[in-house]
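Input: a single structure, listed below in structure tokens.
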2 protein chains.
Amino acid sequence: MTTPSKASLPVIKRLPKYYRYLKGLQETGITSISSRELAAQMGTTASQVRQDFNCIGDVNGRQGIGYSVENLLTILESLLFGNGERLPAILIGCGRLGKAVSRFITTNTNGYTLIAAFDSSPDEVGKTISGIQIRHIDELEDFCSEHHPQVAVLCVPREGAEQVSGRLVNLGIEGFWNFSHYDLSVPYPNVIVENVHLGDSLMSLGFRLRNQD
Amino acid sequence: MTTPSKASLPVIKRLPKYYRYLKGLQETGITSISSRELAAQMGTTASQVRQDFNCIGDVNGRQGIGYSVENLLTILESLLFGNGERLPAILIGCGRLGKAVSRFITTNTNGYTLIAAFDSSPDEVGKTISGIQIRHIDELEDFCSEHHPQVAVLCVPREGAEQVSGRLVNLGIEGFWNFSHYDLSVPYPNVIVENVHLGDSLMSLGFRLRNQD
């Protein structure tokens with residue numbers, strides 16, 4: 001069995017999509033599926049599906065029957081959500097974007113729990129976000145020493161991210177969901193960073209619309 | 001010169017990041033940079049930088065001097081923003097996420113202009129978002145026939161996206177900035193889709209935190 005830690009980043013980024021599709025199949029009562037059928041639904045190739053499944057563990061499709069949906073879901077759930085323990089996360093920056101993305105941390109489906117939210121603006125501190133009272137960013141050190149969050153969600157501008165990320169790494173944050181334009185994997189190569197660069201995403205779309213008619 | 005339309009999707013997705021870094025260099029007065037220096041700042045390799053620049057046009061680094069920052073920026077601006085004409089975009093779904101991402105369409109920096117916003121909820125219709133009055137989704141056909149938006153930003157749940165995307169394709173929408181979990185490139189292979197699957201992004205981060213210690 002291939003150890004999942006050896007899965008490449010592109011494979012890892014596809015796993016949630018497999019999980020979503022297989023979950024959808026399970027809900028409609030489908031118990032097995034071929035790589036070809038799954039690939040057609042997902043807009044990929046059967047060969048890609050088989051290669052990806054080879055990376056994630058003991059997944060054997062049976063000739064003429066296909067993969068067991070339940071077996072795949074069990075493996076994917078274990079990889080994506082571990083033993084069900086949620087990753088404790090804090091939100092840095094409670095503006096419009098912070099408020100909008102906080103619900104991805106507070107829903108039950110993604111494997112996280114929001115334990116605190118921080119902002120530096122007096123307009124935000126003391127208000128609540130997803131039922132949690134927003135703290136001043138100066139309380140970051142005290143809070144983290146006591147509660148040991150593992151993940152920080154950065155919804156602050158580039159300068160703010162540059163200032164706060166070193167503090168967060170020193171406080172033991174292991175992973176960042178980073179909406180800022182500060183590429184923090186360069187100064188901190190050992191932390192795990194998932195970037196969501198919304199402006200970049202729009203510019204890529206613009207490139208394709210303008211140049212790929 | 002390589003035609004930019006032949007650039008692969010991974011290259012296209014890196015172009016905005018080059019643009020951001022080079023813009024930052026220009027602002028600090030730097031006029032030329034080697035692929036090695038640029039790669040170090042961006043957390044990639046010099047070989048990757050050279051390959052990517054080969055894809056985008058007539059970009060020649062000079063031995064011992066490097067690439068001209070101004071030349072690179074001129075090429076990237078032309079590719080990403082065309083002749084400066086903004087892409088007319090509409091927002092579908094004006095909830096928390098729609099409100100938060102609308103500002104990426106309304107800022108001057110990404111090459112778009114928000115010309116309308118739609119929602120089906122009586123709580124939202126008539127309110128304003130980024131200075132634009134929210135219309136009922138029933139007005140979609142009339143609006144699009146008259147104003148010809150090119151891009152739709154989908155900030156609705158999966159079911160809503162499934163219902164509205166066919167209408168939008170029929171109304172001439174060429175590109176989607178898609179925040180829903182509906183993978184609309186499968187039913188509509190000819191439209192250009194940029195997916196932002198925030199839940200998937202969080203799950204990938206969770207995988208790496210749980211499996212790659």
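Within each chain, counting starts at residue 1; across the structure tokens, chains are named A, B, ... in the order shown, with ligands numbered 1 upward in that order.
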
query = Residues of segment 25-158 of chain B in alpha helix (DSSP H) according to DSSP, as a ChimeraX atom specification?
reply = /B:25-27,35-42,46-56,69-81,96-106,140-147,158

Given a cut-off of 8 Å, which residues of chain B touch chain A, counting only C-alpha atoms, written out as a PDB file with N, CA and C atoms, in the first residue's frame?
ATOM      1  N   PRO B   4       0.303  32.929 -26.901  1.00  0.00           N
ATOM      2  CA  PRO B   4      -0.080  32.753 -25.494  1.00  0.00           C
ATOM      3  C   PRO B   4      -1.254  31.798 -25.328  1.00  0.00           C
ATOM      4  N   SER B   5      -2.066  31.652 -26.401  1.00  0.00           N
ATOM      5  CA  SER B   5      -3.213  30.757 -26.284  1.00  0.00           C
ATOM      6  C   SER B   5      -2.764  29.310 -26.108  1.00  0.00           C
ATOM      7  N   ILE B  12      -0.820  29.379 -17.054  1.00  0.00           N
ATOM      8  CA  ILE B  12      -1.775  30.498 -16.971  1.00  0.00           C
ATOM      9  C   ILE B  12      -2.067  30.849 -15.517  1.00  0.00           C
ATOM     10  N   LYS B  13      -2.190  29.822 -14.671  1.00  0.00           N
ATOM     11  CA  LYS B  13      -2.514  30.086 -13.270  1.00  0.00           C
ATOM     12  C   LYS B  13      -1.345  30.728 -12.521  1.00  0.00           C
ATOM     13  N   LEU B  15       0.648  33.068 -14.014  1.00  0.00           N
ATOM     14  CA  LEU B  15       0.925  34.400 -14.561  1.00  0.00           C
ATOM     15  C   LEU B  15       0.557  35.542 -13.610  1.00  0.00           C
ATOM     16  N   PRO B  16      -0.620  35.479 -12.934  1.00  0.00           N
ATOM     17  CA  PRO B  16      -0.934  36.586 -12.021  1.00  0.00           C
ATOM     18  C   PRO B  16       0.100  36.735 -10.898  1.00  0.00           C
ATOM     19  N   LYS B  17       0.659  35.616 -10.465  1.00  0.00           N
ATOM     20  CA  LYS B  17       1.662  35.692  -9.399  1.00  0.00           C
ATOM     21  C   LYS B  17       2.930  36.381  -9.909  1.00  0.00           C
ATOM     22  N   GLN B  41      12.527  34.475  -4.731  1.00  0.00           N
ATOM     23  CA  GLN B  41      11.508  35.296  -4.069  1.00  0.00           C
ATOM     24  C   GLN B  41      10.133  34.649  -4.106  1.00  0.00           C
ATOM     25  N   MET B  42       9.870  33.939  -5.211  1.00  0.00           N
ATOM     26  CA  MET B  42       8.531  33.386  -5.410  1.00  0.00           C
ATOM     27  C   MET B  42       8.393  31.960  -4.907  1.00  0.00           C
ATOM     28  N   GLY B  43       9.495  31.372  -4.467  1.00  0.00           N
ATOM     29  CA  GLY B  43       9.420  30.003  -3.984  1.00  0.00           C
ATOM     30  C   GLY B  43       9.258  28.990  -5.104  1.00  0.00           C
ATOM     31  N   LEU B  79      -1.485  40.450 -21.758  1.00  0.00           N
ATOM     32  CA  LEU B  79      -2.122  39.129 -21.714  1.00  0.00           C
ATOM     33  C   LEU B  79      -3.274  39.097 -20.719  1.00  0.00           C
ATOM     34  N   LEU B  80      -3.054  39.692 -19.542  1.00  0.00           N
ATOM     35  CA  LEU B  80      -4.042  39.571 -18.466  1.00  0.00           C
ATOM     36  C   LEU B  80      -5.172  40.580 -18.609  1.00  0.00           C
ATOM     37  N   PHE B  81      -4.856  41.771 -19.150  1.00  0.00           N
ATOM     38  CA  PHE B  81      -5.867  42.825 -19.169  1.00  0.00           C
ATOM     39  C   PHE B  81      -6.192  43.313 -20.576  1.00  0.00           C
ATOM     40  N   GLY B  82      -5.613  42.685 -21.600  1.00  0.00           N
ATOM     41  CA  GLY B  82      -5.921  43.049 -22.985  1.00  0.00           C
ATOM     42  C   GLY B  82      -5.616  44.506 -23.246  1.00  0.00           C
ATOM     43  N   LEU B  87     -13.865  43.341 -18.552  1.00  0.00           N
ATOM     44  CA  LEU B  87     -14.846  42.302 -18.862  1.00  0.00           C
ATOM     45  C   LEU B  87     -16.115  42.552 -18.047  1.00  0.00           C
ATOM     46  N   ARG B  96     -23.539  36.273   1.945  1.00  0.00           N
ATOM     47  CA  ARG B  96     -22.284  36.736   2.550  1.00  0.00           C
ATOM     48  C   ARG B  96     -21.083  36.569   1.620  1.00  0.00           C
ATOM     49  N   LEU B  97     -21.033  35.402   0.964  1.00  0.00           N
ATOM     50  CA  LEU B  97     -19.893  35.146   0.079  1.00  0.00           C
ATOM     51  C   LEU B  97     -19.948  36.067  -1.143  1.00  0.00           C
ATOM     52  N   LYS B  99     -21.318  38.983  -1.402  1.00  0.00           N
ATOM     53  CA  LYS B  99     -20.959  40.347  -0.988  1.00  0.00           C
ATOM     54  C   LYS B  99     -19.439  40.470  -0.842  1.00  0.00           C
ATOM     55  N   ALA B 100     -18.823  39.435  -0.234  1.00  0.00           N
ATOM     56  CA  ALA B 100     -17.379  39.508   0.011  1.00  0.00           C
ATOM     57  C   ALA B 100     -16.584  39.460  -1.293  1.00  0.00           C
ATOM     58  N   VAL B 101     -16.985  38.621  -2.229  1.00  0.00           N
ATOM     59  CA  VAL B 101     -16.165  38.501  -3.440  1.00  0.00           C
ATOM     60  C   VAL B 101     -16.490  39.575  -4.482  1.00  0.00           C
ATOM     61  N   PHE B 104     -13.813  42.016  -5.525  1.00  0.00           N
ATOM     62  CA  PHE B 104     -12.737  41.644  -6.439  1.00  0.00           C
ATOM     63  C   PHE B 104     -13.088  42.002  -7.884  1.00  0.00           C
ATOM     64  N   ASN B 110      -8.321  44.023 -11.335  1.00  0.00           N
ATOM     65  CA  ASN B 110      -8.398  42.670 -11.893  1.00  0.00           C
ATOM     66  C   ASN B 110      -8.940  42.588 -13.319  1.00  0.00           C
ATOM     67  N   GLY B 111      -9.398  43.709 -13.866  1.00  0.00           N
ATOM     68  CA  GLY B 111      -9.811  43.701 -15.268  1.00  0.00           C
ATOM     69  C   GLY B 111     -11.292  43.434 -15.521  1.00  0.00           C
ATOM     70  N   GLU B 174     -19.659  33.650 -21.328  1.00  0.00           N
ATOM     71  CA  GLU B 174     -18.522  32.897 -21.856  1.00  0.00           C
ATOM     72  C   GLU B 174     -17.613  32.342 -20.764  1.00  0.00           C
ATOM     73  N   GLY B 175     -17.667  32.989 -19.595  1.00  0.00           N
ATOM     74  CA  GLY B 175     -16.765  32.567 -18.527  1.00  0.00           C
ATOM     75  C   GLY B 175     -17.454  32.611 -17.175  1.00  0.00           C
ATOM     76  N   TRP B 177     -16.827  32.467 -12.917  1.00  0.00           N
ATOM     77  CA  TRP B 177     -16.031  32.399 -11.697  1.00  0.00           C
ATOM     78  C   TRP B 177     -16.941  31.682 -10.718  1.00  0.00           C
ATOM     79  N   ASP B 183     -19.900  21.321 -10.866  1.00  0.00           N
ATOM     80  CA  ASP B 183     -18.772  21.355 -11.798  1.00  0.00           C
ATOM     81  C   ASP B 183     -19.291  21.588 -13.213  1.00  0.00           C
ATOM     82  N   SER B 185     -18.171  22.663 -15.959  1.00  0.00           N
ATOM     83  CA  SER B 185     -17.422  22.384 -17.185  1.00  0.00           C
ATOM     84  C   SER B 185     -17.765  21.002 -17.736  1.00  0.00           C
ATOM     85  N   VAL B 186     -18.389  20.144 -16.930  1.00  0.00           N
ATOM     86  CA  VAL B 186     -18.783  18.827 -17.445  1.00  0.00           C
ATOM     87  C   VAL B 186     -19.969  18.960 -18.417  1.00  0.00           C
ATOM     88  N   ILE B 192     -15.573  28.728 -20.333  1.00  0.00           N
ATOM     89  CA  ILE B 192     -14.343  28.790 -19.554  1.00  0.00           C
ATOM     90  C   ILE B 192     -14.737  28.929 -18.085  1.00  0.00           C
ATOM     91  N   VAL B 193     -14.236  28.026 -17.262  1.00  0.00           N
ATOM     92  CA  VAL B 193     -14.653  28.001 -15.865  1.00  0.00           C
ATOM     93  C   VAL B 193     -13.429  28.102 -14.958  1.00  0.00           C
ATOM     94  N   GLU B 194     -13.483  29.017 -14.031  1.00  0.00           N
ATOM     95  CA  GLU B 194     -12.473  29.110 -12.984  1.00  0.00           C
ATOM     96  C   GLU B 194     -13.193  28.772 -11.680  1.00  0.00           C
ATOM     97  N   VAL B 196     -13.538  28.086  -7.707  1.00  0.00           N
ATOM     98  CA  VAL B 196     -12.964  28.331  -6.382  1.00  0.00           C
ATOM     99  C   VAL B 196     -13.794  27.499  -5.417  1.00  0.00           C
ATOM    100  N   LEU B 198     -14.023  26.417  -2.038  1.00  0.00           N
ATOM    101  CA  LEU B 198     -13.402  26.736  -0.744  1.00  0.00           C
ATOM    102  C   LEU B 198     -13.407  25.537   0.200  1.00  0.00           C
ATOM    103  N   GLY B 199     -14.485  24.755   0.178  1.00  0.00           N
ATOM    104  CA  GLY B 199     -14.523  23.569   1.031  1.00  0.00           C
ATOM    105  C   GLY B 199     -13.436  22.572   0.644  1.00  0.00           C
ATOM    106  N   ASP B 200     -13.239  22.380  -0.668  1.00  0.00           N
ATOM    107  CA  ASP B 200     -12.194  21.465  -1.140  1.00  0.00           C
ATOM    108  C   ASP B 200     -10.818  21.950  -0.690  1.00  0.00           C
ATOM    109  N   SER B 201     -10.632  23.254  -0.765  1.00  0.00           N
ATOM    110  CA  SER B 201      -9.354  23.835  -0.378  1.00  0.00           C
ATOM    111  C   SER B 201      -9.050  23.542   1.094  1.00  0.00           C
ATOM    112  N   LEU B 202     -10.068  23.711   1.935  1.00  0.00           N
ATOM    113  CA  LEU B 202      -9.899  23.411   3.370  1.00  0.00           C
ATOM    114  C   LEU B 202      -9.644  21.932   3.618  1.00  0.00           C
ATOM    115  N   MET B 203     -10.333  21.073   2.871  1.00  0.00           N
ATOM    116  CA  MET B 203     -10.126  19.640   3.059  1.00  0.00           C
ATOM    117  C   MET B 203      -8.713  19.220   2.639  1.00  0.00           C
ATOM    118  N   SER B 204      -8.195  19.824   1.562  1.00  0.00           N
ATOM    119  CA  SER B 204      -6.819  19.521   1.144  1.00  0.00           C
ATOM    120  C   SER B 204      -5.831  19.922   2.237  1.00  0.00           C
ATOM    121  N   LEU B 205      -6.071  21.103   2.817  1.00  0.00           N
ATOM    122  CA  LEU B 205      -5.201  21.552   3.914  1.00  0.00           C
ATOM    123  C   LEU B 205      -5.273  20.563   5.065  1.00  0.00           C
ATOM    124  N   GLY B 206      -6.483  20.109   5.371  1.00  0.00           N
ATOM    125  CA  GLY B 206      -6.658  19.130   6.443  1.00  0.00           C
ATOM    126  C   GLY B 206      -5.904  17.835   6.163  1.00  0.00           C
ATOM    127  N   PHE B 207      -5.981  17.371   4.913  1.00  0.00           N
ATOM    128  CA  PHE B 207      -5.244  16.159   4.531  1.00  0.00           C
ATOM    129  C   PHE B 207      -3.761  16.329   4.828  1.00  0.00           C
ATOM    130  N   ARG B 208      -3.211  17.457   4.396  1.00  0.00           N
ATOM    131  CA  ARG B 208      -1.766  17.655   4.559  1.00  0.00           C
ATOM    132  C   ARG B 208      -1.396  17.758   6.034  1.00  0.00           C
ATOM    133  N   LEU B 209      -2.253  18.396   6.834  1.00  0.00           N
ATOM    134  CA  LEU B 209      -1.957  18.514   8.267  1.00  0.00           C
ATOM    135  C   LEU B 209      -2.066  17.163   8.974  1.00  0.00           C
ATOM    136  N   ARG B 210      -3.000  16.335   8.516  1.00  0.00           N
ATOM    137  CA  ARG B 210      -3.229  15.068   9.208  1.00  0.00           C
ATOM    138  C   ARG B 210      -2.293  13.962   8.748  1.00  0.00           C
ATOM    139  N   ASN B 211      -1.773  14.069   7.508  1.00  0.00           N
ATOM    140  CA  ASN B 211      -1.012  12.957   6.935  1.00  0.00           C
ATOM    141  C   ASN B 211       0.432  13.256   6.598  1.00  0.00           C
ATOM    142  N   GLN B 212       0.836  14.514   6.723  1.00  0.00           N
ATOM    143  CA  GLN B 212       2.201  14.831   6.273  1.00  0.00           C
ATOM    144  C   GLN B 212       3.052  15.436   7.375  1.00  0.00           C
TER     145      GLN B 212
END

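Residue neighbourhood of Gln26 of chain B, excluding near-sequence residues (fewer than 6 positions): Tyr19, Arg20, Ser32, Ile33, Ser68, Val69, Glu70, Asn71, Leu72, Leu73 and Thr74 of chain B, at 12 Å, using only C-alpha atoms.
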
Strand (DSSP E or B) residues, from DSSP on the backbone, in segment 86-212 of chain B, as a PyMOL selection string = chain B and resi 87-92+112-119+128-129+132-136+151-154+175-178+192-195

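When atom CA of Leu168 of chain B is paired with atom CA of Ser8 of chain B, their separation reads 26.3 Å.
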